[in-house]
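Trainee: Below is input_5.tsv; it holds TSV, C-alpha atoms.
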```tsv
chain	number	residue	atom	x	y	z
A	1009	MET	CA	53.78	14.74	44.46
A	1010	ALA	CA	54.09	16.28	40.99
A	1011	PRO	CA	53.74	13.82	38.12
A	1012	ARG	CA	56.92	12.88	36.38
A	1013	ALA	CA	57.50	13.73	32.73
A	1014	ASP	CA	57.56	10.03	31.80
A	1015	ASP	CA	54.14	9.51	33.40
A	1016	ILE	CA	52.66	12.43	31.50
A	1017	ILE	CA	54.04	11.10	28.20
A	1018	ASP	CA	52.62	7.62	28.91
A	1019	ARG	CA	49.18	9.00	29.67
A	1020	ARG	CA	49.11	11.02	26.47
A	1021	ARG	CA	50.19	7.94	24.51
A	1022	ILE	CA	47.38	5.88	26.06
A	1023	ARG	CA	44.82	8.61	25.30
A	1024	ARG	CA	45.93	8.71	21.65
A	1025	LYS	CA	45.55	4.94	21.40
A	1026	LEU	CA	42.09	5.07	22.95
A	1027	THR	CA	41.05	7.83	20.54
A	1028	PHE	CA	42.35	5.80	17.58
A	1029	TRP	CA	40.44	2.67	18.57
A	1030	ARG	CA	37.26	4.61	19.26
A	1031	VAL	CA	37.36	6.18	15.79
A	1032	ALA	CA	38.22	2.81	14.26
A	1033	THR	CA	35.29	1.18	16.05
A	1034	LEU	CA	32.88	3.86	14.81
A	1035	LEU	CA	34.13	3.44	11.23
A	1036	VAL	CA	33.72	-0.34	11.39
A	1037	ALA	CA	30.20	0.08	12.80
A	1038	ALA	CA	29.30	2.54	10.03
A	1039	ILE	CA	30.63	0.19	7.35
A	1040	ALA	CA	28.69	-2.70	8.90
A	1041	ILE	CA	25.45	-0.67	8.87
A	1042	VAL	CA	25.92	0.24	5.21
A	1043	ALA	CA	26.80	-3.35	4.29
A	1044	PHE	CA	23.81	-4.84	6.10
A	1045	GLY	CA	21.55	-2.17	4.63
A	1046	ALA	CA	22.78	-2.87	1.12
A	1047	PHE	CA	22.32	-6.60	1.68
A	1048	GLY	CA	18.77	-6.05	2.86
A	1049	MET	CA	17.94	-3.73	-0.02
A	1050	ARG	CA	19.23	-6.38	-2.42
A	1051	ASP	CA	16.55	-8.72	-1.10
A	1052	THR	CA	13.96	-5.95	-0.99
A	1053	TRP	CA	14.44	-4.70	-4.54
A	1054	PRO	CA	16.02	-7.59	-6.47
A	1055	GLY	CA	16.27	-5.62	-9.68
A	1056	GLN	CA	19.79	-6.73	-10.50
A	1057	GLY	CA	21.00	-10.22	-11.23
A	1058	ARG	CA	19.20	-12.98	-13.04
A	1059	ASP	CA	15.92	-12.73	-14.94
A	1060	HIS	CA	12.87	-13.39	-12.77
A	1061	ILE	CA	9.14	-12.85	-12.28
A	1062	ALA	CA	8.46	-10.03	-9.85
A	1063	GLN	CA	5.77	-10.45	-7.22
A	1064	VAL	CA	4.26	-7.47	-5.40
A	1065	ARG	CA	1.84	-7.82	-2.50
A	1066	ILE	CA	-0.89	-5.18	-2.25
A	1067	GLU	CA	-2.58	-5.80	1.06
A	1068	GLY	CA	-4.72	-3.96	3.59
A	1069	THR	CA	-6.17	-0.49	3.28
A	1070	ILE	CA	-5.05	1.32	0.13
A	1071	THR	CA	-3.60	4.82	0.32
A	1072	GLU	CA	-1.27	6.81	-1.92
A	1073	ASP	CA	1.80	4.89	-0.76
A	1074	GLU	CA	4.91	6.62	-2.08
A	1075	GLU	CA	7.15	3.66	-1.26
A	1076	LEU	CA	4.89	1.25	-3.18
A	1077	LEU	CA	4.70	3.62	-6.15
A	1078	GLU	CA	8.50	3.88	-6.24
A	1079	ARG	CA	8.77	0.08	-6.05
A	1080	LEU	CA	6.38	-0.33	-8.98
A	1081	GLU	CA	8.37	2.22	-10.96
A	1082	ARG	CA	11.58	0.28	-10.32
A	1083	ILE	CA	9.88	-2.90	-11.48
A	1084	ALA	CA	8.79	-1.20	-14.69
A	1085	GLU	CA	12.37	-0.11	-15.39
A	1086	ALA	CA	14.11	-3.36	-14.34
A	1087	ASP	CA	15.27	-5.30	-17.42
A	1088	THR	CA	15.58	-8.48	-15.34
A	1089	VAL	CA	11.84	-8.47	-14.59
A	1090	LYS	CA	10.13	-10.43	-17.36
A	1091	GLY	CA	6.65	-10.58	-15.86
A	1092	VAL	CA	4.76	-9.32	-12.81
A	1093	ILE	CA	2.31	-10.94	-10.38
A	1094	LEU	CA	0.22	-8.58	-8.24
A	1095	SER	CA	-0.93	-10.51	-5.17
A	1096	ILE	CA	-3.96	-8.53	-4.02
A	1097	ASP	CA	-5.77	-8.88	-0.70
A	1098	SER	CA	-7.47	-5.57	0.03
A	1099	PRO	CA	-10.94	-4.18	0.84
A	1100	GLY	CA	-10.01	-0.92	-0.89
A	1101	GLY	CA	-9.24	2.48	0.55
A	1102	THR	CA	-8.95	6.00	-0.80
A	1103	THR	CA	-9.97	6.59	-4.40
A	1104	ALA	CA	-6.88	8.73	-5.02
A	1105	GLY	CA	-4.65	5.96	-3.65
A	1106	GLY	CA	-6.27	3.41	-5.94
A	1107	GLU	CA	-5.90	5.77	-8.90
A	1108	ALA	CA	-2.17	6.32	-8.27
A	1109	ILE	CA	-1.44	2.59	-7.99
A	1110	TYR	CA	-3.67	1.83	-11.00
A	1111	GLU	CA	-1.64	4.23	-13.14
A	1112	ALA	CA	1.66	2.77	-11.88
A	1113	VAL	CA	0.49	-0.74	-12.81
A	1114	ARG	CA	-0.54	0.43	-16.27
A	1115	ARG	CA	2.96	1.85	-16.81
A	1116	ILE	CA	4.34	-1.60	-16.03
A	1117	GLY	CA	1.80	-3.18	-18.38
A	1118	GLU	CA	3.08	-1.05	-21.25
A	1119	LYS	CA	6.47	-2.80	-20.95
A	1120	LYS	CA	5.82	-6.31	-19.62
A	1121	PRO	CA	2.87	-8.64	-18.88
A	1122	VAL	CA	1.09	-8.13	-15.54
A	1123	VAL	CA	-1.31	-10.57	-13.89
A	1124	ALA	CA	-3.34	-9.98	-10.72
A	1125	GLN	CA	-3.81	-12.91	-8.37
A	1126	VAL	CA	-6.63	-12.26	-5.89
A	1127	GLY	CA	-6.40	-13.83	-2.45
A	1128	THR	CA	-9.22	-13.37	0.04
A	1129	LEU	CA	-10.41	-10.01	-1.18
A	1130	ALA	CA	-10.11	-7.50	-4.03
A	1131	ALA	CA	-12.92	-5.02	-3.55
A	1132	SER	CA	-13.50	-1.36	-4.41
A	1133	ALA	CA	-10.07	0.29	-4.90
A	1134	GLY	CA	-8.56	-3.20	-4.57
A	1135	TYR	CA	-10.52	-4.30	-7.62
A	1136	MET	CA	-9.64	-1.03	-9.35
A	1137	ILE	CA	-5.97	-1.98	-9.05
A	1138	ALA	CA	-6.63	-5.55	-10.19
A	1139	SER	CA	-8.37	-4.23	-13.30
A	1140	ALA	CA	-5.17	-2.40	-14.25
A	1141	SER	CA	-3.51	-5.78	-14.87
A	1142	ASP	CA	-3.78	-7.67	-18.16
A	1143	HIS	CA	-5.29	-10.77	-16.57
A	1144	ILE	CA	-7.07	-11.44	-13.25
A	1145	VAL	CA	-6.97	-14.78	-11.43
A	1146	ALA	CA	-9.10	-15.30	-8.31
A	1147	ARG	CA	-9.85	-18.11	-5.90
A	1148	LYS	CA	-13.28	-19.70	-6.16
A	1149	SER	CA	-14.17	-18.25	-2.76
A	1150	SER	CA	-12.42	-14.88	-3.17
A	1151	ILE	CA	-14.51	-11.73	-2.67
A	1152	VAL	CA	-14.46	-9.49	-5.73
A	1153	GLY	CA	-16.24	-6.31	-6.79
A	1154	SER	CA	-17.85	-3.51	-4.75
A	1155	ILE	CA	-17.44	-1.03	-7.59
A	1156	GLY	CA	-18.38	2.33	-6.13
A	1157	VAL	CA	-17.38	5.46	-4.20
A	1158	LEU	CA	-18.52	7.00	-0.93
A	1159	VAL	CA	-17.89	9.79	1.55
A	1160	GLN	CA	-18.61	9.39	5.26
A	1161	PHE	CA	-18.86	12.01	7.96
A	1162	PRO	CA	-20.22	11.81	11.51
A	1163	ASP	CA	-23.05	13.88	12.98
A	1164	LEU	CA	-22.06	15.06	16.45
A	1165	THR	CA	-24.84	17.58	16.92
A	1166	GLY	CA	-26.81	15.35	19.31
A	1167	LEU	CA	-23.72	14.75	21.44
A	1168	MET	CA	-22.91	18.47	21.49
A	1169	ASP	CA	-26.42	19.27	22.70
A	1170	LYS	CA	-26.06	16.76	25.55
A	1171	VAL	CA	-22.64	18.06	26.54
A	1172	GLY	CA	-23.73	21.68	26.21
A	1173	VAL	CA	-21.21	22.69	23.53
A	1174	LYS	CA	-22.11	25.16	20.79
A	1175	LEU	CA	-19.96	25.90	17.73
A	1176	GLU	CA	-19.65	29.48	16.47
A	1177	GLU	CA	-18.19	30.10	13.02
A	1178	VAL	CA	-17.75	32.79	10.40
A	1179	LYS	CA	-17.09	31.68	6.81
A	1180	SER	CA	-16.96	33.14	3.32
A	1181	SER	CA	-19.81	31.08	1.84
A	1182	PRO	CA	-22.46	28.59	3.05
A	1183	LEU	CA	-20.73	25.52	1.55
A	1184	LYS	CA	-17.27	26.32	2.90
A	1185	ALA	CA	-15.98	23.43	5.10
A	1186	GLU	CA	-19.23	21.53	4.69
A	1187	PRO	CA	-20.50	18.98	5.45
A	1188	SER	CA	-19.38	19.38	9.04
A	1189	PRO	CA	-19.91	17.01	11.98
A	1190	PHE	CA	-20.84	20.05	14.06
A	1191	ASN	CA	-23.85	21.14	11.97
A	1192	PRO	CA	-26.86	19.29	10.52
A	1193	THR	CA	-26.27	18.55	6.83
A	1194	THR	CA	-28.38	20.65	4.46
A	1195	ASP	CA	-29.86	19.59	1.11
A	1196	GLU	CA	-27.38	21.85	-0.70
A	1197	GLU	CA	-24.45	20.20	1.07
A	1198	ARG	CA	-25.71	16.72	0.24
A	1199	ALA	CA	-26.15	17.72	-3.41
A	1200	MET	CA	-22.57	19.03	-3.55
A	1201	ILE	CA	-21.13	15.82	-2.08
A	1202	ARG	CA	-23.30	13.61	-4.25
A	1203	ALA	CA	-22.17	15.42	-7.42
A	1204	MET	CA	-18.55	14.83	-6.42
A	1205	ILE	CA	-19.20	11.15	-5.63
A	1206	MET	CA	-21.04	10.53	-8.89
A	1207	ASP	CA	-18.24	12.13	-10.90
A	1208	SER	CA	-15.70	9.75	-9.31
A	1209	TYR	CA	-18.13	6.85	-9.70
A	1210	ASP	CA	-18.47	7.62	-13.42
A	1211	TRP	CA	-14.68	7.63	-13.71
A	1212	PHE	CA	-14.40	4.29	-11.87
A	1213	VAL	CA	-17.01	2.71	-14.13
A	1214	GLY	CA	-15.08	4.02	-17.14
A	1215	LEU	CA	-11.90	2.31	-15.94
A	1216	VAL	CA	-13.63	-1.04	-15.57
A	1217	THR	CA	-15.32	-0.65	-18.96
A	1218	GLU	CA	-11.95	0.10	-20.56
A	1219	ARG	CA	-10.11	-2.79	-18.92
A	1220	ARG	CA	-12.71	-5.58	-18.87
A	1221	PRO	CA	-14.52	-7.31	-21.78
A	1222	LEU	CA	-17.77	-5.61	-20.78
A	1223	SER	CA	-19.90	-2.84	-22.20
A	1224	ARG	CA	-20.62	0.23	-20.07
A	1225	THR	CA	-24.19	-0.96	-19.64
A	1226	GLU	CA	-22.96	-4.31	-18.35
A	1227	VAL	CA	-20.54	-2.63	-15.95
A	1228	LEU	CA	-23.25	-0.31	-14.62
A	1229	ALA	CA	-25.41	-3.34	-13.90
A	1230	LEU	CA	-22.60	-4.74	-11.72
A	1231	ALA	CA	-21.47	-1.43	-10.21
A	1232	ASP	CA	-24.13	-1.17	-7.52
A	1233	GLY	CA	-21.70	-1.92	-4.71
A	1234	SER	CA	-22.30	-5.68	-4.86
A	1235	VAL	CA	-19.55	-8.16	-4.09
A	1236	PHE	CA	-19.18	-11.57	-5.72
A	1237	THR	CA	-17.35	-14.82	-5.13
A	1238	GLY	CA	-14.57	-15.68	-7.53
A	1239	ARG	CA	-16.87	-18.08	-9.36
A	1240	GLN	CA	-19.60	-15.45	-9.68
A	1241	ALA	CA	-17.03	-12.87	-10.79
A	1242	LEU	CA	-15.80	-15.24	-13.51
A	1243	ASP	CA	-19.35	-15.66	-14.83
A	1244	ARG	CA	-19.71	-11.86	-14.87
A	1245	LYS	CA	-16.32	-11.36	-16.59
A	1246	LEU	CA	-14.89	-9.39	-13.67
A	1247	VAL	CA	-12.04	-11.94	-13.52
A	1248	ASP	CA	-10.50	-14.13	-16.22
A	1249	ALA	CA	-9.67	-17.39	-14.46
A	1250	LEU	CA	-9.90	-19.27	-11.18
A	1251	GLY	CA	-6.85	-20.42	-9.25
A	1252	GLY	CA	-3.73	-19.12	-7.56
A	1253	GLU	CA	-0.10	-18.34	-8.33
A	1254	GLU	CA	0.32	-21.43	-10.52
A	1255	GLN	CA	-2.45	-20.25	-12.84
A	1256	ALA	CA	-0.98	-16.76	-12.86
A	1257	ILE	CA	2.37	-18.17	-13.98
A	1258	GLU	CA	0.65	-20.25	-16.67
A	1259	TRP	CA	-0.85	-17.08	-18.10
A	1260	LEU	CA	2.54	-15.34	-18.06
A	1261	LYS	CA	3.89	-18.36	-19.95
A	1262	SER	CA	1.26	-17.80	-22.64
A	1263	LYS	CA	2.70	-14.30	-23.03
A	1264	GLY	CA	6.21	-15.56	-23.67
A	1265	VAL	CA	7.55	-15.50	-20.10
A	1266	ASP	CA	9.64	-18.53	-19.14
A	1267	ALA	CA	7.56	-20.38	-16.53
A	1268	LYS	CA	10.75	-21.76	-14.98
A	1269	LEU	CA	11.90	-18.32	-13.91
A	1270	GLU	CA	12.11	-17.75	-10.18
A	1271	VAL	CA	9.28	-15.74	-8.62
A	1272	ARG	CA	10.89	-13.08	-6.43
A	1273	GLU	CA	8.89	-10.89	-4.09
A	1274	TRP	CA	9.78	-7.21	-4.24
A	1275	LYS	CA	9.26	-6.28	-0.60
A	1276	PRO	CA	8.68	-2.85	0.94
A	1277	ALA	CA	11.91	-1.06	1.76
A	1278	SER	CA	10.87	-0.76	5.42
A	1279	THR	CA	10.89	-4.55	5.85
A	1280	GLY	CA	14.30	-5.11	4.28
A	1281	GLY	CA	17.70	-4.89	5.87
A	1282	PHE	CA	19.03	-5.98	9.21
A	1283	LEU	CA	19.78	-2.89	11.26
A	1284	ILE	CA	17.39	-0.57	9.47
A	1285	GLY	CA	14.31	-2.78	9.27
A	1286	GLN	CA	11.18	-3.07	11.33
A	1287	SER	CA	12.76	-5.62	13.64
A	1288	LEU	CA	15.30	-3.01	14.71
A	1289	ALA	CA	12.54	-0.45	15.19
A	1290	ARG	CA	10.66	-2.88	17.42
A	1291	SER	CA	13.81	-3.67	19.39
A	1292	VAL	CA	14.58	0.01	19.93
A	1293	ALA	CA	10.99	0.71	20.95
A	1294	GLU	CA	11.07	-2.12	23.46
A	1295	ALA	CA	14.41	-0.92	24.83
A	1296	VAL	CA	13.01	2.55	25.59
A	1297	GLY	CA	9.76	1.22	26.97
A	1298	LEU	CA	7.47	2.13	24.05
A	1299	PRO	CA	4.82	-0.19	22.53
A	1300	ALA	CA	6.79	-1.87	19.74
A	1301	SER	CA	3.91	-3.06	17.61
A	1302	GLY	CA	1.29	-0.41	18.25
A	1303	PRO	CA	0.97	0.76	14.62
A	1304	ASP	CA	0.98	-2.84	13.37
A	1305	ILE	CA	-1.76	-3.81	15.81
A	1306	LEU	CA	-3.80	-0.80	14.74
A	1307	ARG	CA	-3.36	-1.78	11.11
A	1308	GLU	CA	-4.29	-5.41	11.75
A	1309	LEU	CA	-7.48	-4.34	13.49
A	1310	GLY	CA	-8.37	-2.05	10.59
A	1311	GLY	CA	-8.11	1.01	12.82
A	1312	GLU	CA	-6.24	2.96	10.15
A	1313	ARG	CA	-9.49	3.19	8.19
A	1314	LEU	CA	-10.81	5.51	10.87
A	1315	PHE	CA	-8.32	8.11	9.65
A	1316	LEU	CA	-8.90	7.88	5.90
A	1317	ASP	CA	-9.79	11.22	4.37
A	1318	GLY	CA	-11.33	12.19	1.05
A	1319	LEU	CA	-13.31	10.03	-1.37
A	1320	LEU	CA	-13.26	6.37	-0.41
A	1321	SER	CA	-13.65	3.19	-2.40
A	1322	VAL	CA	-13.61	0.57	0.33
A	1323	TRP	CA	-15.69	-2.45	1.31
A	1324	GLN	CA	-15.98	-3.97	4.78
A	1325	PRO	CA	-18.66	-6.14	6.41
A	1326	SER	CA	-19.86	-4.76	9.71
A	1327	SER	CA	-21.61	-6.42	12.65
A	1328	GLY	CA	-24.89	-4.83	11.73
A	1329	ALA	CA	-24.95	-5.11	7.97
A	1330	THR	CA	-22.90	-6.13	4.99
A	1331	GLY	CA	-22.05	-3.56	2.35
A	1332	GLU	CA	-19.85	-0.68	1.53
A	1333	LYS	CA	-18.21	1.39	4.18
```
Spell out the structure here as structure tokens.
Mentor:
Amino acid sequence: MAPRADDIIDRRRIRRKLTFWRVATLLVAAIAIVAFGAFGMRDTWPGQGRDHIAQVRIEGTITEDEELLERLERIAEADTVKGVILSIDSPGGTTAGGEAIYEAVRRIGEKKPVVAQVGTLAASAGYMIASASDHIVARKSSIVGSIGVLVQFPDLTGLMDKVGVKLEEVKSSPLKAEPSPFNPTTDEERAMIRAMIMDSYDWFVGLVTERRPLSRTEVLALADGSVFTGRQALDRKLVDALGGEEQAIEWLKSKGVDAKLEVREWKPASTGGFLIGQSLARSVAEAVGLPASGPDILRELGGERLFLDGLLSVWQPSSGATGEK
């Protein structure tokens, strides 16, 4: 039986209503996402509002983190930030990463007082960043120091011989792409790498000499890769005081910062928000059957250090020995 005209008109009317409500629902969802995102970013980067002391956590392996550098730049420009506490807990990382963060901290220091508060560890590039502050506070049992630079590369030639693999290559000059894990390292290659390391080491020593109340000779005596407790570091003038956040705030007070100001943590953008944060990423990963916390687990285990490239300034105790890695 052919549909009646009234039935056709009713169906079209229902379809128009459904289309309207679908569009309305999408608009409401979009507005909600923007609103929740803005709310989360307000907590992540609290640059507006009342005056406060900004706290930034620098933890784990150090790389040239663009998000962290942008956050530090925002802190430098925020008029509501009257002082800054760098909470450092890091064994170091890439030398270039430490350099970039060091320079960002110095730009803050040109505008407002900055104090570094060392937790468990501020070694190698971690100490480099701490030295960029105007004052360093460490716990009595904190680990501080390990001033130095290194390059590591594996030697796979023995394994290749056992497996029966041989590498053939044609290159423009003997030192191109060397040292290589596929060839024994020559004296010329070692000399090239050592010259590069010593140049960066000289630069690192210069930073510490410039920032600490120590002569270059005194810094060189400490810059043999050794680590020190907070108490030892205080005796050697690598830190300025012992304590925690309370002592850091007391120093800011001596620089004219109101000690009653609220300490607000400026968090990474990836951890802020409701629908756009890490919790959502984990939920989505779980929903599609992927490991939700794989990268976090890798980071917690220190696995990301396996993939660091370039010159390194990093300290880590190993099962066989204690020293620089």
Trainee: Can you pull out the residues contacting segment 1235-1251 of chain A? Cut-off 8 Å, using all atoms listed in the file, and skip same-chain residues under 2 positions away; I want them as an MDAnalysis selection string.
Mentor: chainID A and resid 1131 1143:1154 1220:1222 1233 1253:1256
Trainee: Within 10 Å of (11.6, -21.1, -15.0) (coordinates as in the file), grab all the protein and nucleic acid residues, counting only C-alpha atoms, and write them out as number ranges by chain.
Mentor: A: 1059-1061, 1257, 1261, 1265-1271
Trainee: I'd like the interatomic distance between atom CA of Val1123 of chain A and atom CA of Trp1259 of chain A, to a tenth of an Å.
Mentor: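 Answer for the atom CA of Val1123 of chain A to atom CA of Trp1259 of chain A separation: 7.8 Å.
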Trainee: Can you work out the spacing between atom CA of Val1213 of chain A and atom CA of Ser1188 of chain A in Å, to one decimal?
Mentor: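 So the answer is 28.6 Å.
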Trainee: Which residue, A:Val1227, A:Ala1185, A:Val1216, A:Ala1084, has the smallest gap to Met1200 of chain A when you use all atoms listed in the file?
Mentor: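 Checking each candidate against Met1200 of chain A, we get A:Ala1185 as the closest.
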Trainee: If I take atom CA of Gly1106 of chain A and atom CA of Gly1134 of chain A, how far is one from the other in Å, to one decimal?
Mentor: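 Taking atom CA of Gly1106 of chain A and atom CA of Gly1134 of chain A, their separation equals 7.1 Å.
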Trainee: For Ala1130 of chain A, work out the shell of residues within 6 Å, counting only C-alpha atoms and skipping chain neighbours fewer than 5 positions away, then give it as a ChimeraX atom specification.
Mentor: /A:1097-1099,1135,1152
Trainee: Under the rule that all atoms listed in the file are counted, which of A:Arg1082, A:Asp1073, A:Glu1197, A:Val1089 is the nearest residue to Arg1058 of chain A?
Mentor: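 Answer, going by the shortest atom-to-atom distance: A:Val1089.
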Trainee: Set the distance at 10 Å and use only C-alpha atoms: which residues neighbour Phe1161 of chain A once local chain neighbours fewer than 5 positions away are removed? I'd like the list as a PDB file with C-alpha atoms, in the coordinates of the input.
Mentor:
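To be explicit, this is the file written out as out03.pdb:
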```pdb
ATOM      1  CA  PRO A1187     -20.500  18.980   5.450  1.00  0.00           C
ATOM      2  CA  SER A1188     -19.380  19.380   9.040  1.00  0.00           C
ATOM      3  CA  PRO A1189     -19.910  17.010  11.980  1.00  0.00           C
ATOM      4  CA  THR A1193     -26.270  18.550   6.830  1.00  0.00           C
ATOM      5  CA  ASP A1317      -9.790  11.220   4.370  1.00  0.00           C
TER       6      ASP A1317
END
```
Trainee: Please enclose the listed atoms of segment 1069-1074 of chain A in an axis-aligned box, pad each side by 5 Å, and write out the centre and the three edge lengths in Å, rounded to one decimal, as JSON.
Mentor:
```
{"center_x": -0.6, "center_y": 3.2, "center_z": 0.6, "size_x": 21.1, "size_y": 17.3, "size_z": 15.4}
```
Trainee: What residues have an atom no more than 6 Å from (6.9, -14.2, -6.6) in the file's own frame, counting all atoms listed in the file, and can you write them as JSON, numbers by chain?
Mentor: {"A": [1062, 1063, 1271, 1272, 1273]}
Trainee: Under the rule that all atoms listed in the file are counted, which of A:Met1206, A:Val1173, A:Leu1320, A:Ala1277 is the nearest residue to Leu1077 of chain A?
Mentor: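 Once distances to Leu1077 of chain A are computed over all atoms listed in the file, the minimum belongs to A:Ala1277.
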Trainee: So that I can see what lies close to Arg1065 of chain A, please list as a list in words the residues with an atom at most 7 Å from it, counting only C-alpha atoms and leaving out residues fewer than 5 positions away in the same chain.
Mentor: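 These residues fall inside the cut-off: Leu1094, Ser1095 and Ile1096 of chain A.
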Trainee: For Ser1132 of chain A, which of A:Ile1093, A:Leu1158, A:Ala1203, A:Leu1080 is the closest residue, counting all atoms listed in the file?
Mentor: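 Among the listed residues, A:Leu1158 lies closest to Ser1132 of chain A.
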Trainee: Could segment 1120-1135 of chain A be completed with N, CA, C and O atoms and returned as an mmCIF file, in the frame of the given file?
Mentor:
```cif
data_model
loop_
_atom_site.group_PDB
_atom_site.id
_atom_site.type_symbol
_atom_site.label_atom_id
_atom_site.label_comp_id
_atom_site.auth_asym_id
_atom_site.auth_seq_id
_atom_site.Cartn_x
_atom_site.Cartn_y
_atom_site.Cartn_z
ATOM 1 N N LYS A 1120 5.734 -4.881 -19.911
ATOM 2 C CA LYS A 1120 5.820 -6.310 -19.620
ATOM 3 C C LYS A 1120 4.476 -6.807 -19.131
ATOM 4 O O LYS A 1120 3.658 -6.014 -18.618
ATOM 5 N N PRO A 1121 4.180 -8.107 -19.278
ATOM 6 C CA PRO A 1121 2.870 -8.640 -18.880
ATOM 7 C C PRO A 1121 2.666 -8.597 -17.363
ATOM 8 O O PRO A 1121 3.574 -8.893 -16.593
ATOM 9 N N VAL A 1122 1.449 -8.227 -16.959
ATOM 10 C CA VAL A 1122 1.090 -8.130 -15.540
ATOM 11 C C VAL A 1122 -0.171 -8.938 -15.288
ATOM 12 O O VAL A 1122 -1.170 -8.782 -16.002
ATOM 13 N N VAL A 1123 -0.144 -9.783 -14.271
ATOM 14 C CA VAL A 1123 -1.310 -10.570 -13.890
ATOM 15 C C VAL A 1123 -1.620 -10.304 -12.426
ATOM 16 O O VAL A 1123 -0.713 -10.201 -11.597
ATOM 17 N N ALA A 1124 -2.907 -10.154 -12.103
ATOM 18 C CA ALA A 1124 -3.340 -9.980 -10.720
ATOM 19 C C ALA A 1124 -3.839 -11.311 -10.188
ATOM 20 O O ALA A 1124 -4.645 -11.982 -10.844
ATOM 21 N N GLN A 1125 -3.361 -11.676 -9.019
ATOM 22 C CA GLN A 1125 -3.810 -12.910 -8.370
ATOM 23 C C GLN A 1125 -4.495 -12.512 -7.055
ATOM 24 O O GLN A 1125 -3.864 -12.040 -6.130
ATOM 25 N N VAL A 1126 -5.827 -12.688 -7.026
ATOM 26 C CA VAL A 1126 -6.630 -12.260 -5.890
ATOM 27 C C VAL A 1126 -6.618 -13.331 -4.810
ATOM 28 O O VAL A 1126 -6.855 -14.506 -5.092
ATOM 29 N N GLY A 1127 -6.335 -12.916 -3.584
ATOM 30 C CA GLY A 1127 -6.400 -13.830 -2.450
ATOM 31 C C GLY A 1127 -7.794 -13.836 -1.861
ATOM 32 O O GLY A 1127 -8.762 -14.199 -2.520
ATOM 33 N N THR A 1128 -7.912 -13.399 -0.623
ATOM 34 C CA THR A 1128 -9.220 -13.370 0.040
ATOM 35 C C THR A 1128 -10.128 -12.323 -0.552
ATOM 36 O O THR A 1128 -11.330 -12.554 -0.733
ATOM 37 N N LEU A 1129 -9.562 -11.158 -0.905
ATOM 38 C CA LEU A 1129 -10.410 -10.010 -1.180
ATOM 39 C C LEU A 1129 -9.754 -9.038 -2.158
ATOM 40 O O LEU A 1129 -8.579 -8.698 -2.014
ATOM 41 N N ALA A 1130 -10.505 -8.605 -3.159
ATOM 42 C CA ALA A 1130 -10.110 -7.500 -4.030
ATOM 43 C C ALA A 1130 -11.363 -6.707 -4.333
ATOM 44 O O ALA A 1130 -12.062 -6.963 -5.318
ATOM 45 N N ALA A 1131 -11.676 -5.772 -3.437
ATOM 46 C CA ALA A 1131 -12.920 -5.020 -3.550
ATOM 47 C C ALA A 1131 -12.633 -3.536 -3.667
ATOM 48 O O ALA A 1131 -11.579 -3.054 -3.247
ATOM 49 N N SER A 1132 -13.574 -2.819 -4.271
ATOM 50 C CA SER A 1132 -13.500 -1.360 -4.410
ATOM 51 C C SER A 1132 -12.161 -0.961 -5.029
ATOM 52 O O SER A 1132 -11.839 -1.396 -6.117
ATOM 53 N N ALA A 1133 -11.353 -0.128 -4.329
ATOM 54 C CA ALA A 1133 -10.070 0.290 -4.900
ATOM 55 C C ALA A 1133 -9.143 -0.898 -5.116
ATOM 56 O O ALA A 1133 -8.257 -0.863 -5.975
ATOM 57 N N GLY A 1134 -9.338 -1.985 -4.344
ATOM 58 C CA GLY A 1134 -8.560 -3.200 -4.570
ATOM 59 C C GLY A 1134 -8.877 -3.803 -5.919
ATOM 60 O O GLY A 1134 -7.977 -4.265 -6.644
ATOM 61 N N TYR A 1135 -10.156 -3.799 -6.304
ATOM 62 C CA TYR A 1135 -10.520 -4.300 -7.620
ATOM 63 C C TYR A 1135 -10.088 -3.321 -8.714
ATOM 64 O O TYR A 1135 -9.716 -3.730 -9.821
#
```
